[in-house]
Amino acid sequence: MSRRTVLAAAAAGGSGVAAARLLGLHRAVPGEPERSPAAPVMSRSGLDWVSPLGAKGETARAEEARIAHLLRRTTFGASAAELDRAIADGFERTVERQIDTPAAPPPPLPGAETATNSSGLPIDRLQIWWLDHMLASPTPFAEKMTLFWHGHFTSEYRKVGLESPFMYWQNLTWRTMAQGDLRSMLTQVTTDPAMLRYLDLSQSTGRAPNENYARELMELFTMGPEAYGEDDVRAAAKALAGWREPRTPEMIDDQIERQIKSTGKAPAPRPQPDPVKTGIFEKSRAFTGGGTLFLGAVKAWDTGSVIDRILEKDETAPFLARKALSAFVSPAPADATVRRLADGFRKTGYDVRELMRSVLLAPEFSAPQAYRALVKSPTEFMLHALKALQAPSLTRLVQQSGFGMGQSLFDPPSVGGWGDHEFWVTSNDLLARANFVTAALGQVRKLPPSDDAHRLFLDAVLSPRTLDALNAARDEKARWALVLVSPEFQLK
Amino acid sequence: MRQVSRRDFLRAGLVFGAGAAGLAAGYAAVPDVLAKAVYAGKKDGVQNDRVLVLVQLAGGNDGLQTVIPLQDARYRDLRPQLGAAAKDALPLTKDVGFNKAMPGLKALWDRGKVAVVQNVGYPNPSFSHFEAIRVWETGDPTRRAEDGWLGKTIEKNYDSAGHPLVGCACGATGLPGTLRDLRTTLTVVNSRQSFKFQGGDEMEKALGALYTSTPGMYGALFDSAVATARDTVAQLRSAAAKYQAKASYSDRRVPLVYSTRNQLAGALQLAAELVVAGTGAKIIHVTLGGFDTHFVEAPRHADLMAYVDDAIATFHADITANGMADRVLVATWSEFGRRPKENASAGTDHGTAAPVILVGDTVQGGLYGDLPDLGDLDAQGHLRHSVDFRAVYQEILESHLGVDAREVLDQRFERLAFVSDPALAGSRSSNRP
């Protein structure tokens, strides 16, 4: 049976309904006879997609749909072969593999480690380097999590600058730290050189504490705005003061060279490079005023004990559980779900891998209501499109297009990172997505066949509009354009 | 904290006020013919042809470095480094002066076209960027309201369906919270140049066909975003022929600071085009970020203010040359000012009250509200506000836009008469209220 007859049959069966489900994934039951599309479902929001997840009496098909759903959310797109492998493994094993496989490191980026004032790293190279790894990495879930943490513990190259390796290092650190526990994460975040500069902690001293990092550590990174007061911000700012940025040998050499150029002589004593890629704590710059009241307890606080205190607070686990749930499961997770996952998170000693395991294995993740409940961010949308088009070399186009869609890597709109889901549904954004598709189709040398695209990338769960348009498309290119700009493809 | 979301509205099934029958029939799109008829009906009720351009200075603009106290020794005591700005300030009165980076606004001040409302804030201020932004966006210091004050204004007074430029965010990719309202259609135009379908008519039509009665919780949102994009493209296409910039927009007088998204001049040029070309734009929102100056504030803040100054002054010159200056009010806002005492990094931390600057031919130029009192800071060293920000909103709504502020704000405030009475436009006199 050809793709055309499938579409035609389903179109006839589905005419006049608002949501038509064509077929499950074709691998489910080879040679299965056509069936009428399921009846549209009226939900509280009006007409809903017919979820292929957890459909009763269709176990194999539901399982395959569930795996496709998982890969849409945990990777930047799956090829037919990758989907086959995951189906062979099954849902749980695929989740275990994603969670337990250590992140594959990206190849070193030439010029990044040695960046200095005289030899800055162009931002497009840094962005393309990461985009390439998102597509090429054998552990795409780790890249998904790195992007998630980049939006959460965010830093911006415009403030940090690219005249040091700091932004590059931060990306490497965020990728590996997600394998550990929250305490170690928060320690790495707090002393990350790019973060030290972005939120001014490297400018903060015990005598004159800068509150910027202290506030965001509590408000945006761990507990939310209700969990602390202004006195806590001041106390934490004192306790966290004393860190400075590290200097690489190249930064030192460059500094000396510049000084010689301008003054004719080298600085004495010659400054020494630091052996570490994290902030350096200088006791002489720290707060020495003794005990202060912070989050309800009085003692002589330091960076470690501030983080410990935050981890003792009841708000922290739910705050992060909610963030993970809204990124991976549902835009508005139920309080009960948040509590359940938060309890588990705390019980495992804030093991971040266990939190993510519980998110992906939660019944809510695979519930029919979760189907197409999230909107792909611009980066996700564009990379999914390149994956579908088998055109991994077009990452420069992704790099060039992200800004106009509101998501440029290393360049979040504010310290709060990026919005999500409905935030991306604007006139500007949808127009920019359509323009990206036009440009990408213009640059692809050889289009892959589009016959299976509606199944592989849209689960064959199509609105009648999409169905009609695909049937009417005059050639491969037009069909690909429709698949990629369709509302179905924007969702995950 | 509960997130505000258009989604909640969609769940409630109230999209465009359609009931269950409307939902079943394809709730997402109001047929264009119908929308236009509704618009015409409502348009009769629109009181005037005035336009509001709101400029958000995101990150917390330092009011004391913007409108600088000239006589107050405490200013220099609190700000041993930043306080040097007082000696180069451009005096507005004997007591205060604009930052030296604001010559364009100073010239407009001299012509009576700038009002400065001093020491604007609200009770129990938040020091969180996001909470404070939400307060200013919604006009609700209790942080319960979800819709933006201008979104609500549009919903109550103008018909946006099929006319997305009634409310437009220029130079942005996302919808600012100020314009958020679930029953209104609003557009977002990041770049004038790229706001067209690169795939031509074919792509535009395909998108229109695909995004109709889209199922799912985002369906209505998707459909209206695409319809809005198409409408906006059409409007911009016809606007191009009706507008010519009559002032020079320079993005380059000031080097871009902190973010190239801060192309305020480009965003305001688009705003001028929308106004001059008669696209029906009523409320335009633009944003400049980078004001969170915790560290070495002076040079960066001066660059940012120069950027604001250049963009607003040029915008004003342009709409004046295009004969539209009597219709347009520009108002700045920022989520908070900064703490009077500078920090050890030669920057300032999050604060409370700050001035609001209003520019336009309908403005009654002068200072409003009291000077910030640096001798009466609160226990944490913050300014005590003396003008509620909602009093500023009230004056904009009632005297400039000519709409009923009671439908948007839940309290009445004493009038701050910085807008000359529309009926008396042209008879402005003194610089002092």
# chains A, B, ... in the order shown; residues from 1 in each chain; ligands from 1

call {"tool": "interface_residues", "arguments": {"of": "chain A", "to": "chain B", "cutoff": "6 Å", "atoms": "only C-alpha atoms", "output": "list in words"}}
result
Arg44, Ser45, Gly46, Leu47, Asp48, Trp49, Arg158, Gln203, Ala208, Gly406, Thr426, Ser427, Asn428, Asn435, Thr438, Arg465 and Thr466 of chain A

call {"tool": "write_last_selection", "arguments": {"atoms": "N, CA and C atoms", "output": "short mmCIF file (atom, residue, chain, number, x, y, z; two decimals), in the first residue's frame"}}
result
data_model
loop_
_atom_site.label_atom_id
_atom_site.label_comp_id
_atom_site.auth_asym_id
_atom_site.auth_seq_id
_atom_site.Cartn_x
_atom_site.Cartn_y
_atom_site.Cartn_z
N ARG A 44 -11.70 19.78 27.61
CA ARG A 44 -12.12 21.09 28.13
C ARG A 44 -11.59 22.22 27.27
N SER A 45 -10.53 21.94 26.53
CA SER A 45 -9.96 23.01 25.72
C SER A 45 -10.55 23.02 24.32
N GLY A 46 -11.54 22.21 24.08
CA GLY A 46 -12.05 22.14 22.72
C GLY A 46 -11.61 20.83 22.11
N LEU A 47 -11.25 20.86 20.84
CA LEU A 47 -10.88 19.62 20.17
C LEU A 47 -9.43 19.30 20.47
N ASP A 48 -9.21 18.06 20.78
CA ASP A 48 -7.87 17.71 21.17
C ASP A 48 -7.25 16.75 20.18
N TRP A 49 -5.94 16.65 20.21
CA TRP A 49 -5.27 15.61 19.45
C TRP A 49 -5.74 14.26 19.98
N ARG A 158 27.27 38.02 26.37
CA ARG A 158 27.45 39.47 26.18
C ARG A 158 28.03 40.12 27.43
N GLN A 203 33.09 39.98 42.02
CA GLN A 203 33.30 41.36 42.45
C GLN A 203 32.93 41.56 43.91
N ALA A 208 32.28 44.62 51.16
CA ALA A 208 31.28 45.25 50.29
C ALA A 208 30.64 44.18 49.42
N GLY A 406 14.20 34.22 18.92
CA GLY A 406 14.26 34.48 20.36
C GLY A 406 15.08 33.48 21.14
N THR A 426 4.18 33.02 18.93
CA THR A 426 3.84 34.40 18.60
C THR A 426 3.87 34.54 17.08
N SER A 427 3.32 35.64 16.61
CA SER A 427 3.34 35.90 15.17
C SER A 427 4.78 35.88 14.67
N ASN A 428 5.66 36.53 15.42
CA ASN A 428 7.05 36.61 15.00
C ASN A 428 7.70 35.23 14.92
N ASN A 435 10.18 30.67 7.84
CA ASN A 435 11.30 31.16 7.04
C ASN A 435 12.53 30.26 7.19
N THR A 438 11.91 27.36 4.84
CA THR A 438 12.17 27.78 3.45
C THR A 438 13.68 27.78 3.18
N ARG A 465 -6.55 19.43 8.33
CA ARG A 465 -5.91 20.45 7.50
C ARG A 465 -4.55 19.97 7.01
N THR A 466 -3.80 19.42 7.95
CA THR A 466 -2.47 18.94 7.58
C THR A 466 -2.59 17.78 6.61
#

call {"tool": "atom_distance", "arguments": {"atom1": "CA of Lys282 (chain B)", "atom2": "CA of Val51 (chain B)"}}
result
4.6 Å

call {"tool": "residues_around", "arguments": {"residues": "Gln244 (chain B)", "least_positions_apart": "2", "cutoff": "10 Å", "atoms": "only C-alpha atoms", "output": "NGL selection string"}}
result
:B and (239-242 or 246-247 or 269 or 272-273 or 276-277 or 318 or 322)

call {"tool": "residues_around", "arguments": {"residues": "Ala300 (chain A)", "least_positions_apart": "4", "cutoff": "7 Å", "atoms": "only C-alpha atoms", "output": "PyMOL selection string"}}
result
chain A and resi 290-292

call {"tool": "closest_residue", "arguments": {"among": "B:His400, B:Lys205, B:Arg111, B:Arg300", "to": "Leu52 (chain B)", "atoms": "only C-alpha atoms"}}
result
B:His400

call {"tool": "select_by_dssp", "arguments": {"residues": "region 174-306 of chain B", "states": "strand (DSSP E or B)", "output": "list in words"}}
result
Thr187, Val188, Val189, Ile283, Ile284, His285, Val286, Thr287 and Leu288 of chain B

call {"tool": "residues_around", "arguments": {"residues": "Glu143 (chain A)", "least_positions_apart": "2", "cutoff": "8 Å", "atoms": "only C-alpha atoms", "output": "PyMOL selection string"}}
result
chain A and resi 75+103+133-134+137+139-141+145-147+175

call {"tool": "select_by_dssp", "arguments": {"residues": "region 66-281 of chain B", "states": "alpha helix (DSSP H)", "output": "PyMOL selection string"}}
result
chain B and resi 66+73-78+85-88+103-110+129-138+149-157+200-210+219-240+264-276

call {"tool": "write_last_selection", "arguments": {"atoms": "C-alpha atoms", "output": "mmCIF file, in the first residue's frame"}}
result
data_model
loop_
_atom_site.group_PDB
_atom_site.id
_atom_site.type_symbol
_atom_site.label_atom_id
_atom_site.label_comp_id
_atom_site.auth_asym_id
_atom_site.auth_seq_id
_atom_site.Cartn_x
_atom_site.Cartn_y
_atom_site.Cartn_z
ATOM 1 C CA THR B 66 19.176 59.294 35.251
ATOM 2 C CA ALA B 73 25.436 66.378 49.535
ATOM 3 C CA ARG B 74 24.038 63.038 50.641
ATOM 4 C CA TYR B 75 23.967 61.924 47.018
ATOM 5 C CA ARG B 76 27.737 62.229 46.788
ATOM 6 C CA ASP B 77 28.190 60.668 50.209
ATOM 7 C CA LEU B 78 26.115 57.655 49.262
ATOM 8 C CA ALA B 85 27.900 62.337 37.538
ATOM 9 C CA ALA B 86 26.329 65.336 39.269
ATOM 10 C CA LYS B 87 28.961 67.707 38.003
ATOM 11 C CA ASP B 88 28.399 66.891 34.312
ATOM 12 C CA PRO B 103 21.212 65.839 25.487
ATOM 13 C CA GLY B 104 18.349 64.969 23.152
ATOM 14 C CA LEU B 105 15.823 64.672 25.963
ATOM 15 C CA LYS B 106 17.267 67.777 27.575
ATOM 16 C CA ALA B 107 16.580 69.722 24.369
ATOM 17 C CA LEU B 108 13.010 68.396 24.340
ATOM 18 C CA TRP B 109 12.682 69.332 28.007
ATOM 19 C CA ASP B 110 13.703 72.869 27.141
ATOM 20 C CA HIS B 129 13.379 41.391 38.746
ATOM 21 C CA PHE B 130 10.616 39.031 37.773
ATOM 22 C CA GLU B 131 8.170 39.878 40.514
ATOM 23 C CA ALA B 132 8.745 43.589 40.143
ATOM 24 C CA ILE B 133 8.342 43.371 36.373
ATOM 25 C CA ARG B 134 5.075 41.563 36.907
ATOM 26 C CA VAL B 135 3.861 44.271 39.260
ATOM 27 C CA TRP B 136 4.549 46.981 36.693
ATOM 28 C CA GLU B 137 3.203 44.878 33.849
ATOM 29 C CA THR B 138 -0.100 44.087 35.520
ATOM 30 C CA TRP B 149 -2.465 46.704 32.091
ATOM 31 C CA LEU B 150 -2.270 47.580 28.414
ATOM 32 C CA GLY B 151 -3.570 44.188 27.340
ATOM 33 C CA LYS B 152 -6.607 44.899 29.486
ATOM 34 C CA THR B 153 -6.866 48.385 28.030
ATOM 35 C CA ILE B 154 -6.922 46.961 24.526
ATOM 36 C CA GLU B 155 -9.449 44.324 25.470
ATOM 37 C CA LYS B 156 -11.806 46.890 26.982
ATOM 38 C CA ASN B 157 -11.523 49.552 24.323
ATOM 39 C CA GLY B 200 6.435 33.749 -0.719
ATOM 40 C CA ASP B 201 2.724 33.371 -1.274
ATOM 41 C CA GLU B 202 2.888 29.625 -1.411
ATOM 42 C CA MET B 203 4.312 29.338 2.083
ATOM 43 C CA GLU B 204 1.981 31.989 3.413
ATOM 44 C CA LYS B 205 -1.077 30.234 2.031
ATOM 45 C CA ALA B 206 0.139 26.854 3.228
ATOM 46 C CA LEU B 207 0.547 28.192 6.724
ATOM 47 C CA GLY B 208 -2.887 29.763 6.626
ATOM 48 C CA ALA B 209 -4.386 26.459 5.554
ATOM 49 C CA LEU B 210 -2.511 24.398 8.125
ATOM 50 C CA GLY B 219 -4.493 25.222 18.931
ATOM 51 C CA ALA B 220 -6.166 28.599 19.309
ATOM 52 C CA LEU B 221 -2.885 30.202 20.191
ATOM 53 C CA PHE B 222 -1.186 28.763 17.113
ATOM 54 C CA ASP B 223 -4.012 29.757 14.800
ATOM 55 C CA SER B 224 -4.174 33.295 16.050
ATOM 56 C CA ALA B 225 -0.370 33.643 15.919
ATOM 57 C CA VAL B 226 -0.334 32.614 12.264
ATOM 58 C CA ALA B 227 -3.344 34.744 11.367
ATOM 59 C CA THR B 228 -1.669 37.635 13.137
ATOM 60 C CA ALA B 229 1.598 37.052 11.321
ATOM 61 C CA ARG B 230 -0.210 37.122 7.969
ATOM 62 C CA ASP B 231 -2.167 40.252 8.850
ATOM 63 C CA THR B 232 0.962 41.949 10.066
ATOM 64 C CA VAL B 233 2.902 41.041 6.937
ATOM 65 C CA ALA B 234 0.102 42.526 4.843
ATOM 66 C CA GLN B 235 0.006 45.690 6.938
ATOM 67 C CA LEU B 236 3.749 46.147 6.783
ATOM 68 C CA ARG B 237 3.692 45.620 3.035
ATOM 69 C CA SER B 238 1.272 48.484 2.537
ATOM 70 C CA ALA B 239 2.830 50.631 5.257
ATOM 71 C CA ALA B 240 6.176 50.758 3.488
ATOM 72 C CA LEU B 264 15.849 50.558 20.469
ATOM 73 C CA ALA B 265 16.270 52.946 17.585
ATOM 74 C CA GLY B 266 15.306 50.280 15.065
ATOM 75 C CA ALA B 267 12.307 49.304 17.166
ATOM 76 C CA LEU B 268 11.197 52.931 17.448
ATOM 77 C CA GLN B 269 11.642 53.461 13.750
ATOM 78 C CA LEU B 270 9.265 50.584 13.167
ATOM 79 C CA ALA B 271 6.922 52.195 15.682
ATOM 80 C CA ALA B 272 7.088 55.458 13.730
ATOM 81 C CA GLU B 273 6.290 53.616 10.534
ATOM 82 C CA LEU B 274 3.259 51.939 12.105
ATOM 83 C CA VAL B 275 1.989 55.272 13.391
ATOM 84 C CA VAL B 276 2.667 57.324 10.292
#

call {"tool": "closest_residue", "arguments": {"among": "B:Ala321, B:Leu371, B:Val387, B:Val117", "to": "Leu70 (chain B)", "atoms": "only C-alpha atoms"}}
result
B:Leu371

call {"tool": "residues_around", "arguments": {"residues": "Ala227 (chain A)", "least_positions_apart": "6", "cutoff": "8 Å", "atoms": "only C-alpha atoms", "output": "list of chain:residue names"}}
result
A:Met218, A:Glu219, A:Glu315

call {"tool": "atom_distance", "arguments": {"atom1": "CA of Gly111 (chain A)", "atom2": "CA of Gly404 (chain A)"}}
result
27.1 Å
